[in-house]
Amino acid sequence: MIYQISVPAVADVEEIRVLEWHGDLGHRFNQGDLIVELETHKAIVEVRAGQPGVLRKILSEAGKWQGIGLPLALLSDDDDEALPDANQATTDLLVDFEIT
Amino acid sequence: MSGEIQEATERMFFREAIMRAVGEEMARNDRILVLGQDVGAFGGSYREFDGLFAKFGASRVRDMPVAEAAMVGVGVGAAAAGYRPLVSITYMDFMMLGFDPLINYGAKLRYKTGGRLTAPVVVKTTSGAKGQGVAHSQCIEAWLMSVPGLKVVAPATAGDAYGMMKAALREDGPVVFVDHKRLFPIAGEVPVAETIIPFGLAKIRRVGTDLTITTHSFMNRVALEAAELLRADGISAEIIDLRSLAPLDIDTIAHSVRRTGALLTLEEGQVTCGVGVEVIARVQEALGPISAVRVGALPAPVSSNPVLEPACLPDASRVVMAAQNLIRQRRVPAWSKSNR
Amino acid sequence: MLIRAFEEALAARKDHGFQLLSSGEEAVAVGLCSTLDDDDQLLTGGRSIGPALARGIEPNRVMAELLGKSSGTNRGKGGRGHLADPAQGFFGAHAVVGGNISIAAGVALSKQMSASNGIVAILFGDGAFGAGALHETLNIASIWQLPLLFVCNNNQLSVSTPRTAALAPKNLSDIGAAFGMPSQTIDGMDIDVVAKAAREAAEYVRAGRGPAFIETVSFRFASHSTNARETRSRAELVEIRAKCPIVRQKAALAAAGILSPAMEADLNREVSEIVAEALAFADASEYPSTAEVLTDVW
């Protein structure tokens, strides 16, 4: 199954800057692993995997900006699943996020 | 003529624009200091001074106790004696405590000494309502606009915050730089090249034909929302961001009102003796009688109550109603008939 | 002597304006200024004429300023409440009670940051002692060890309010001690006492050890200002005038064989000439033109 990660709805935040992806394409994240750090106007948001997944496509590279609720990346259960043409998935990856 | 050269820009948070401006100016001029609460290692309440303490040290970036009268006084005195302090007052409400040194001494210093002394101090302060209660929500920039010798600016975008903070730190007299709590989450494009935006220049944010809306600071957003709603109603609103309150760019506004025939002023503060009534009076001095209306907070303190705060503040629907009434009731001055 | 004669001549004029006079308090200004150098700056409150003259500002230009002429120190635009000549070490007077105190700390900060040899002295009255600005500034000056000398000239009356009715501390200098700086209360009617205390305190401040506080207890001979009614009885005033610092100093110098009657006569003459010249200079000077209403605003 193909999943997407989107920018979490952090209170008082309209858009974020992607700070750092913590894995290259093809990297398998285990539950609890840090996937990406996002910067808000006042804090850093750590997005962690709530389920395992392989990073397949980065839609917002480090340094790029993205709005709340908009997609950041596509992941899949297995690394050989075909990616959809449109850069979207209907299922959201389970994630936990922490504001530091 | 098409093909305007687009200068290279970088997207950044409002606070980063301020940080960049102050950092650049501090590197360029070692007389610039930052004084305030939580400006040192903490980097400022909004992280707008992040990194400055590490880069420039405790002598130039100084935390102060909660004592706004003395903070401003020390800043003004150091300015009079040759330094260029930026005094950070976290809440505009508490600027009032510093009015004596800023206004009675700082703004009058050049005049009262016959030009011998002047106080190049920037008082940077954050205005606006955001659920923090009656004494932590005020927009009182209108009170300061009438002080001879004091300049007042209120940038609404990251780009303007950058360019105008640089300009502020190069002024030879006291400046109040007013930002807003609700501007900090908003990112914007800032020129990559070093840029200074002179005071006294308003900016047209949206071109329109049926009425002119003048506004400043966070209310720019409310004006833009209202303009979209008005468009659906067939009304084309031109929005002018004042940016600079003292000096005020009446030429740009008068030019616009001459075309549109109607003026709506929008501010988050009180309309009584507010920014808007000054804009209207000056535009009338330039053009003669015009159709005008002021929109601002209701005449009540702005409490933190989740129902009462938004009820008190201007929102897009109030602006739309006021605009619709204005258009309906406007008189058409003789000089505009040929333009319509 | 100059201060006394100058102010008397000024007060004798019909157009004297709104003035705060230092008669009786001359020892404070003179004693303090005797220890200030070229690099130092003096700031005061509204009772500025005595201190300005003691600091060495040209009497001609002071008189011109007081009478509103553009040849004055402030081009006629400040008047007594804002007399200033920073190039001569008189950073300025400010008419808001207590309003110059935090300003002085800012000037002291600039001295500290530019590693200047100079110190800053701020002269204020017991009337300013209750102001928050003083307490805030004592704190900041102490925390930052600013080169600032606080001189509280306690003439024991704030217009009509006796200091005992307005101010809680037993000695006003107690406040300096509370903020951790050397503090003393001294006789403000004795030039030598003031000069000695000022020199000690100034040395401490010059050594970079932080601020110091001196309270000078004095008496003013006249009412608070040319606008204010006198609150003391004739008998009280006679007693007060008997403490005149000038008479006292003259007596001490005469007793020490330093001041002869001939010298005293010379000094009187000199002072009269200076004052006469100042008046003549001011009277011969022009008022600013009305166009100057709008100059030096921005």
# chains A, B, ... in the order shown; residues from 1 in each chain; ligands from 1
call {"tool": "select_by_dssp", "arguments": {"residues": "range 25-242 of chain C", "states": "strand (DSSP E)", "output": "PyMOL selection string"}}
result
chain C and resi 41-44+90-93+120-125+148-154+157-158+161-162+183-187+212-217
call {"tool": "write_last_selection", "arguments": {"atoms": "N, CA and C atoms", "output": "short mmCIF file (atom, residue, chain, number, x, y, z; two decimals), in the first residue's frame"}}
result
data_model
loop_
_atom_site.label_atom_id
_atom_site.label_comp_id
_atom_site.auth_asym_id
_atom_site.auth_seq_id
_atom_site.Cartn_x
_atom_site.Cartn_y
_atom_site.Cartn_z
N GLN C 41 30.20 63.79 32.15
CA GLN C 41 28.96 64.47 31.76
C GLN C 41 28.09 64.65 33.00
N LEU C 42 27.46 65.82 33.07
CA LEU C 42 26.53 66.12 34.16
C LEU C 42 25.13 66.26 33.58
N LEU C 43 24.17 65.57 34.21
CA LEU C 43 22.77 65.74 33.84
C LEU C 43 22.04 66.21 35.09
N THR C 44 21.01 67.01 34.87
CA THR C 44 20.27 67.52 36.03
C THR C 44 18.77 67.49 35.76
N PHE C 90 28.09 69.27 29.95
CA PHE C 90 26.78 69.44 30.58
C PHE C 90 25.77 68.83 29.62
N PHE C 91 25.58 67.50 29.77
CA PHE C 91 24.76 66.78 28.79
C PHE C 91 23.36 67.36 28.74
N GLY C 92 22.92 67.85 29.90
CA GLY C 92 21.69 68.61 29.85
C GLY C 92 20.79 68.47 31.05
N ALA C 93 19.93 69.45 31.14
CA ALA C 93 18.85 69.42 32.13
C ALA C 93 17.63 68.82 31.44
N VAL C 120 29.53 59.74 34.54
CA VAL C 120 28.32 60.54 34.40
C VAL C 120 27.78 60.82 35.80
N ALA C 121 27.42 62.07 36.05
CA ALA C 121 26.79 62.41 37.32
C ALA C 121 25.36 62.85 37.03
N ILE C 122 24.42 62.34 37.80
CA ILE C 122 23.02 62.76 37.67
C ILE C 122 22.58 63.41 38.97
N LEU C 123 22.20 64.68 38.84
CA LEU C 123 21.80 65.48 39.98
C LEU C 123 20.27 65.59 39.97
N PHE C 124 19.64 65.16 41.04
CA PHE C 124 18.19 65.23 41.12
C PHE C 124 17.82 65.60 42.55
N GLY C 125 16.57 65.97 42.75
CA GLY C 125 16.16 66.44 44.07
C GLY C 125 15.40 65.39 44.87
N LEU C 148 28.19 55.68 36.97
CA LEU C 148 27.15 56.68 37.21
C LEU C 148 27.16 57.11 38.67
N LEU C 149 27.25 58.41 38.89
CA LEU C 149 27.23 58.96 40.25
C LEU C 149 25.87 59.60 40.49
N PHE C 150 25.13 59.03 41.41
CA PHE C 150 23.80 59.56 41.75
C PHE C 150 23.98 60.62 42.84
N VAL C 151 23.54 61.84 42.59
CA VAL C 151 23.60 62.87 43.62
C VAL C 151 22.19 63.36 43.89
N CYS C 152 21.69 63.02 45.05
CA CYS C 152 20.34 63.43 45.41
C CYS C 152 20.45 64.67 46.29
N ASN C 153 20.10 65.80 45.73
CA ASN C 153 20.14 67.04 46.50
C ASN C 153 18.83 67.19 47.25
N ASN C 154 18.88 66.82 48.51
CA ASN C 154 17.69 66.83 49.35
C ASN C 154 17.54 68.19 50.01
N LEU C 157 12.24 69.82 50.62
CA LEU C 157 10.90 70.23 50.25
C LEU C 157 10.66 69.94 48.77
N SER C 158 9.51 69.37 48.48
CA SER C 158 9.15 69.22 47.07
C SER C 158 7.98 70.16 46.84
N THR C 161 5.65 70.02 49.77
CA THR C 161 5.64 68.79 50.57
C THR C 161 6.98 68.55 51.24
N PRO C 162 6.99 68.53 52.56
CA PRO C 162 8.25 68.23 53.24
C PRO C 162 8.69 66.81 52.95
N SER C 183 27.23 54.62 49.60
CA SER C 183 26.27 55.71 49.73
C SER C 183 26.56 56.52 50.97
N GLN C 184 26.37 57.82 50.90
CA GLN C 184 26.51 58.62 52.11
C GLN C 184 25.59 59.83 52.07
N THR C 185 25.24 60.27 53.25
CA THR C 185 24.45 61.49 53.42
C THR C 185 25.37 62.54 54.01
N ILE C 186 25.43 63.71 53.36
CA ILE C 186 26.37 64.74 53.82
C ILE C 186 25.69 66.11 53.90
N ASP C 187 26.42 67.05 54.50
CA ASP C 187 25.93 68.41 54.64
C ASP C 187 26.07 69.11 53.29
N ALA C 212 27.77 55.02 42.50
CA ALA C 212 27.81 55.46 43.90
C ALA C 212 26.70 56.48 44.11
N PHE C 213 26.37 56.71 45.38
CA PHE C 213 25.21 57.57 45.71
C PHE C 213 25.61 58.55 46.80
N ILE C 214 25.31 59.81 46.57
CA ILE C 214 25.53 60.83 47.61
C ILE C 214 24.22 61.57 47.83
N GLU C 215 23.84 61.73 49.07
CA GLU C 215 22.70 62.60 49.39
C GLU C 215 23.26 63.86 50.04
N THR C 216 22.93 65.00 49.45
CA THR C 216 23.38 66.26 50.05
C THR C 216 22.15 66.91 50.70
N VAL C 217 22.25 67.19 51.97
CA VAL C 217 21.12 67.83 52.66
C VAL C 217 21.32 69.33 52.61
#
call {"tool": "closest_atom_pairs", "arguments": {"of": "chain C", "to": "chain B", "cutoff": "10 Å", "atoms": "only C-alpha atoms", "output": "Markdown table"}}
result
| residue | atom | partner | partner_atom | distance |
| --- | --- | --- | --- | --- |
| C:Ser70 | CA | B:Gly114 | CA | 8.8 |
| C:Gly72 | CA | B:Gly114 | CA | 9.2 |
| C:Thr73 | CA | B:Thr113 | CA | 7.6 |
| C:Asn74 | CA | B:Thr113 | CA | 4.5 |
| C:Arg75 | CA | B:Gly114 | CA | 5.1 |
| C:Gly76 | CA | B:Gly114 | CA | 7.5 |
| C:Lys77 | CA | B:Lys112 | CA | 5.3 |
| C:Gly78 | CA | B:Lys112 | CA | 4.4 |
| C:Gly79 | CA | B:Lys112 | CA | 8.2 |
| C:Gly81 | CA | B:Lys112 | CA | 9.3 |
| C:His82 | CA | B:Lys112 | CA | 6.5 |
| C:Leu83 | CA | B:Thr113 | CA | 7.4 |
| C:Ala84 | CA | B:Thr113 | CA | 6.4 |
| C:Asp85 | CA | B:Arg116 | CA | 8.1 |
| C:Pro86 | CA | B:Arg116 | CA | 8.0 |
| C:Ala87 | CA | B:Arg116 | CA | 9.3 |
| C:Phe91 | CA | B:Ala81 | CA | 8.7 |
| C:Gly92 | CA | B:Thr113 | CA | 8.6 |
| C:His94 | CA | B:Tyr105 | CA | 7.6 |
| C:Ala95 | CA | B:Asn104 | CA | 9.1 |
| C:Val96 | CA | B:Asn104 | CA | 7.8 |
| C:Gly99 | CA | B:Pro101 | CA | 6.6 |
| C:Asn100 | CA | B:Pro101 | CA | 8.0 |
| C:Ile101 | CA | B:Gly73 | CA | 8.0 |
| C:Ser102 | CA | B:Gly73 | CA | 4.8 |
| C:Ile103 | CA | B:Gly77 | CA | 4.1 |
| C:Ala104 | CA | B:Gly77 | CA | 6.2 |
| C:Ala105 | CA | B:Val74 | CA | 5.6 |
| C:Gly106 | CA | B:Val74 | CA | 3.9 |
| C:Val107 | CA | B:Ala78 | CA | 4.9 |
| C:Ala108 | CA | B:Ala78 | CA | 7.6 |
| C:Leu109 | CA | B:Ala78 | CA | 6.3 |
| C:Ser110 | CA | B:Ala78 | CA | 5.4 |
| C:Lys111 | CA | B:Ala81 | CA | 8.3 |
| C:Met113 | CA | B:Ser59 | CA | 7.7 |
| C:Ser114 | CA | B:Arg31 | CA | 9.3 |
| C:Gly132 | CA | B:Ala69 | CA | 8.3 |
| C:Ala133 | CA | B:Ala70 | CA | 6.1 |
| C:Leu134 | CA | B:Ala70 | CA | 8.6 |
| C:His135 | CA | B:Ala70 | CA | 9.1 |
| C:Glu136 | CA | B:Ala70 | CA | 5.9 |
| C:Thr137 | CA | B:Ala70 | CA | 6.1 |
| C:Leu138 | CA | B:Ala70 | CA | 9.8 |
| C:Asn139 | CA | B:Pro65 | CA | 8.8 |
| C:Ile140 | CA | B:Met64 | CA | 7.9 |
| C:Ala141 | CA | B:Val74 | CA | 9.8 |
| C:Ile143 | CA | B:Met64 | CA | 9.6 |
| C:Trp144 | CA | B:Met64 | CA | 9.9 |
| C:Glu292 | CA | B:Gly114 | CA | 9.4 |
| C:Val293 | CA | B:Tyr111 | CA | 9.1 |
| C:Leu294 | CA | B:Tyr111 | CA | 8.9 |
| C:Thr295 | CA | B:Tyr111 | CA | 7.4 |
| C:Asp296 | CA | B:Tyr111 | CA | 4.9 |
| C:Val297 | CA | B:Gly149 | CA | 5.1 |
| C:Trp298 | CA | B:Gly149 | CA | 4.9 |
call {"tool": "write_last_selection", "arguments": {"atoms": "C-alpha atoms", "output": "PDB file, in the first residue's frame"}}
result
ATOM      1  CA  SER C  70      18.785  82.165  19.616  1.00  0.00           C
ATOM      2  CA  GLY C  72      21.512  80.628  23.825  1.00  0.00           C
ATOM      3  CA  THR C  73      22.936  77.166  24.442  1.00  0.00           C
ATOM      4  CA  ASN C  74      19.815  75.597  22.940  1.00  0.00           C
ATOM      5  CA  ARG C  75      19.080  78.272  20.337  1.00  0.00           C
ATOM      6  CA  GLY C  76      16.422  79.555  22.704  1.00  0.00           C
ATOM      7  CA  LYS C  77      14.315  76.443  22.215  1.00  0.00           C
ATOM      8  CA  GLY C  78      14.959  74.659  25.500  1.00  0.00           C
ATOM      9  CA  GLY C  79      15.006  77.272  28.200  1.00  0.00           C
ATOM     10  CA  GLY C  81      14.328  73.158  31.850  1.00  0.00           C
ATOM     11  CA  HIS C  82      16.495  71.789  29.060  1.00  0.00           C
ATOM     12  CA  LEU C  83      19.764  73.727  29.169  1.00  0.00           C
ATOM     13  CA  ALA C  84      22.434  71.673  27.462  1.00  0.00           C
ATOM     14  CA  ASP C  85      26.027  72.016  26.347  1.00  0.00           C
ATOM     15  CA  PRO C  86      27.293  68.454  25.868  1.00  0.00           C
ATOM     16  CA  ALA C  87      30.593  69.602  24.392  1.00  0.00           C
ATOM     17  CA  PHE C  91      24.758  66.781  28.794  1.00  0.00           C
ATOM     18  CA  GLY C  92      21.686  68.610  29.847  1.00  0.00           C
ATOM     19  CA  HIS C  94      15.459  67.819  31.665  1.00  0.00           C
ATOM     20  CA  ALA C  95      12.341  69.305  33.138  1.00  0.00           C
ATOM     21  CA  VAL C  96      10.415  66.114  33.906  1.00  0.00           C
ATOM     22  CA  GLY C  99      12.952  62.030  33.793  1.00  0.00           C
ATOM     23  CA  ASN C 100      16.688  62.440  33.298  1.00  0.00           C
ATOM     24  CA  ILE C 101      17.750  59.637  35.620  1.00  0.00           C
ATOM     25  CA  SER C 102      17.419  56.680  33.270  1.00  0.00           C
ATOM     26  CA  ILE C 103      18.728  58.876  30.463  1.00  0.00           C
ATOM     27  CA  ALA C 104      21.857  59.419  32.538  1.00  0.00           C
ATOM     28  CA  ALA C 105      22.256  55.662  32.867  1.00  0.00           C
ATOM     29  CA  GLY C 106      22.130  55.428  29.089  1.00  0.00           C
ATOM     30  CA  VAL C 107      24.861  58.037  28.797  1.00  0.00           C
ATOM     31  CA  ALA C 108      26.846  56.094  31.400  1.00  0.00           C
ATOM     32  CA  LEU C 109      26.360  52.927  29.372  1.00  0.00           C
ATOM     33  CA  SER C 110      27.828  54.688  26.376  1.00  0.00           C
ATOM     34  CA  LYS C 111      30.846  55.715  28.442  1.00  0.00           C
ATOM     35  CA  MET C 113      30.956  50.639  26.188  1.00  0.00           C
ATOM     36  CA  SER C 114      33.308  53.063  24.546  1.00  0.00           C
ATOM     37  CA  GLY C 132      10.011  54.741  39.846  1.00  0.00           C
ATOM     38  CA  ALA C 133      12.602  55.833  37.335  1.00  0.00           C
ATOM     39  CA  LEU C 134      15.122  56.300  40.158  1.00  0.00           C
ATOM     40  CA  HIS C 135      14.622  52.858  41.564  1.00  0.00           C
ATOM     41  CA  GLU C 136      14.695  51.181  38.169  1.00  0.00           C
ATOM     42  CA  THR C 137      17.875  53.018  37.300  1.00  0.00           C
ATOM     43  CA  LEU C 138      19.626  52.261  40.603  1.00  0.00           C
ATOM     44  CA  ASN C 139      18.981  48.607  39.855  1.00  0.00           C
ATOM     45  CA  ILE C 140      20.243  48.656  36.301  1.00  0.00           C
ATOM     46  CA  ALA C 141      23.250  50.826  37.105  1.00  0.00           C
ATOM     47  CA  ILE C 143      23.687  45.219  37.845  1.00  0.00           C
ATOM     48  CA  TRP C 144      25.686  46.616  34.954  1.00  0.00           C
ATOM     49  CA  GLU C 292      12.510  78.133  13.575  1.00  0.00           C
ATOM     50  CA  VAL C 293       9.257  76.737  14.973  1.00  0.00           C
ATOM     51  CA  LEU C 294       9.667  73.943  12.455  1.00  0.00           C
ATOM     52  CA  THR C 295      13.429  73.441  12.447  1.00  0.00           C
ATOM     53  CA  ASP C 296      15.175  70.560  14.256  1.00  0.00           C
ATOM     54  CA  VAL C 297      11.968  68.569  14.730  1.00  0.00           C
ATOM     55  CA  TRP C 298      13.179  65.530  12.738  1.00  0.00           C
TER      56      TRP C 298
END
call {"tool": "residues_around", "arguments": {"residues": "range 203-216 of chain B", "least_positions_apart": "4", "cutoff": "6 Å", "atoms": "only C-alpha atoms", "output": "compact mmCIF listing (two decimals) with N, CA and C atoms, in the first residue's frame"}}
result
# COMPACT_ATOMS: atom_id res chain seq x y z
N ASN B 220 -4.05 43.80 7.09
CA ASN B 220 -3.87 43.57 5.65
C ASN B 220 -4.53 42.25 5.26
N SER B 236 -14.87 45.79 -6.78
CA SER B 236 -13.42 45.65 -6.93
C SER B 236 -12.71 46.59 -5.96
N ALA B 237 -12.04 46.00 -4.97
CA ALA B 237 -11.40 46.81 -3.92
C ALA B 237 -9.90 46.93 -4.16
N GLU B 238 -9.40 48.14 -4.05
CA GLU B 238 -7.95 48.36 -4.09
C GLU B 238 -7.47 48.41 -2.64
N ILE B 239 -6.41 47.67 -2.35
CA ILE B 239 -5.91 47.65 -0.97
C ILE B 239 -4.53 48.28 -0.92
N ILE B 240 -4.41 49.26 -0.03
CA ILE B 240 -3.11 49.92 0.17
C ILE B 240 -2.63 49.65 1.58
N ASP B 241 -1.45 49.10 1.67
CA ASP B 241 -0.81 48.85 2.96
C ASP B 241 0.01 50.10 3.29
N LEU B 242 -0.37 50.80 4.36
CA LEU B 242 0.31 52.04 4.71
C LEU B 242 1.79 51.84 5.00
N ARG B 243 2.13 50.75 5.71
CA ARG B 243 3.51 50.41 6.10
C ARG B 243 4.16 51.46 7.00
N VAL B 257 -7.67 57.14 -4.37
CA VAL B 257 -9.05 57.56 -4.08
C VAL B 257 -9.59 58.45 -5.19
N THR B 260 -10.89 55.74 -7.42
CA THR B 260 -11.99 54.89 -6.96
C THR B 260 -13.17 55.68 -6.43
N ALA B 262 -13.89 56.33 -3.32
CA ALA B 262 -14.36 55.96 -1.97
C ALA B 262 -13.20 55.40 -1.16
N LEU B 263 -13.21 55.70 0.12
CA LEU B 263 -12.10 55.28 0.99
C LEU B 263 -12.62 54.59 2.23
N LEU B 264 -12.13 53.39 2.49
CA LEU B 264 -12.45 52.66 3.72
C LEU B 264 -11.13 52.48 4.44
N THR B 265 -11.06 52.95 5.70
CA THR B 265 -9.83 52.76 6.46
C THR B 265 -10.06 51.61 7.43
N LEU B 266 -9.08 50.74 7.53
CA LEU B 266 -9.20 49.55 8.37
C LEU B 266 -8.02 49.45 9.33
N GLU B 267 -8.31 49.35 10.62
CA GLU B 267 -7.24 49.17 11.61
C GLU B 267 -7.73 48.25 12.70
call {"tool": "atom_distance", "arguments": {"atom1": "CA of Val194 in chain C", "atom2": "CA of Gly31 in chain C"}}
result
4.9 Å
call {"tool": "closest_atom_pairs", "arguments": {"of": "chain A", "to": "chain B", "cutoff": "10 Å", "atoms": "only C-alpha atoms", "output": "CSV"}}
result
residue,atom,partner,partner_atom,distance
A:Asp12,CA,B:Pro185,CA,7.0
A:Val13,CA,B:Pro185,CA,5.9
A:Glu14,CA,B:Pro185,CA,6.5
A:Glu15,CA,B:Ala187,CA,7.5
A:Ile16,CA,B:Ala187,CA,8.6
A:Arg17,CA,B:Met12,CA,8.5
A:Glu39,CA,B:Phe13,CA,9.8
A:Thr40,CA,B:Pro185,CA,7.6
A:His41,CA,B:Pro185,CA,5.3
A:Lys42,CA,B:Tyr46,CA,6.7
A:Ala43,CA,B:Arg47,CA,9.4
A:Gly63,CA,B:Arg11,CA,9.5
A:Lys64,CA,B:Arg11,CA,8.8
A:Trp65,CA,B:Arg11,CA,8.0
call {"tool": "atom_distance", "arguments": {"atom1": "CA of Gly234 in chain B", "atom2": "CA of Ala254 in chain B"}}
result
23.2 Å
call {"tool": "atom_distance", "arguments": {"atom1": "CA of Ile2 in chain A", "atom2": "CA of Glu20 in chain A"}}
result
21.9 Å
call {"tool": "residues_around", "arguments": {"residues": "His22 in chain A", "least_positions_apart": "3", "cutoff": "8 Å", "atoms": "only C-alpha atoms", "output": "list in words"}}
result
Leu34, Ile35, Val36 and Glu37 of chain A
call {"tool": "residues_around", "arguments": {"residues": "range 70-79 of chain A", "least_positions_apart": "2", "cutoff": "6 Å", "atoms": "only C-alpha atoms", "output": "PyMOL selection string"}}
result
chain A and resi 1-7+53-60+67-68+81
call {"tool": "residues_around", "arguments": {"residues": "Ala168 in chain C", "least_positions_apart": "5", "cutoff": "12 Å", "atoms": "only C-alpha atoms", "output": "list in words"}}
result
Asp126, Phe129, Gly130, Pro162, Arg163, Ser173, Asp174 and Ile175 of chain C
call {"tool": "closest_residue", "arguments": {"among": "A:Ala9, A:Asp92, A:Asp24, A:Leu19", "to": "Ile44 in chain A", "atoms": "only C-alpha atoms"}}
result
A:Leu19
call {"tool": "select_by_dssp", "arguments": {"residues": "range 2-225 of chain B", "states": "helix (DSSP H, G or I)", "output": "VMD selection string"}}
result
chain B and resid 14 to 28 52 to 56 68 to 80 92 to 106 109 to 112 141 to 145 158 to 168 181 to 183 219 to 225
call {"tool": "residues_around", "arguments": {"residues": "Val134 in chain B", "least_positions_apart": "2", "cutoff": "8 Å", "atoms": "only C-alpha atoms", "output": "NGL selection string"}}
result
:B and (132 or 136-138 or 301-304)
call {"tool": "write_last_selection", "arguments": {"atoms": "C-alpha atoms", "output": "mmCIF file, in the first residue's frame"}}
result
data_model
loop_
_atom_site.group_PDB
_atom_site.id
_atom_site.type_symbol
_atom_site.label_atom_id
_atom_site.label_comp_id
_atom_site.auth_asym_id
_atom_site.auth_seq_id
_atom_site.Cartn_x
_atom_site.Cartn_y
_atom_site.Cartn_z
ATOM 1 C CA GLN B 132 -3.974 37.250 25.806
ATOM 2 C CA HIS B 136 -1.748 42.281 26.308
ATOM 3 C CA SER B 137 -3.636 43.025 23.124
ATOM 4 C CA GLN B 138 -3.524 46.683 22.251
ATOM 5 C CA PRO B 301 -11.115 46.641 25.777
ATOM 6 C CA VAL B 302 -10.118 43.509 23.887
ATOM 7 C CA SER B 303 -10.516 40.646 26.303
ATOM 8 C CA SER B 304 -9.097 37.159 25.933
#
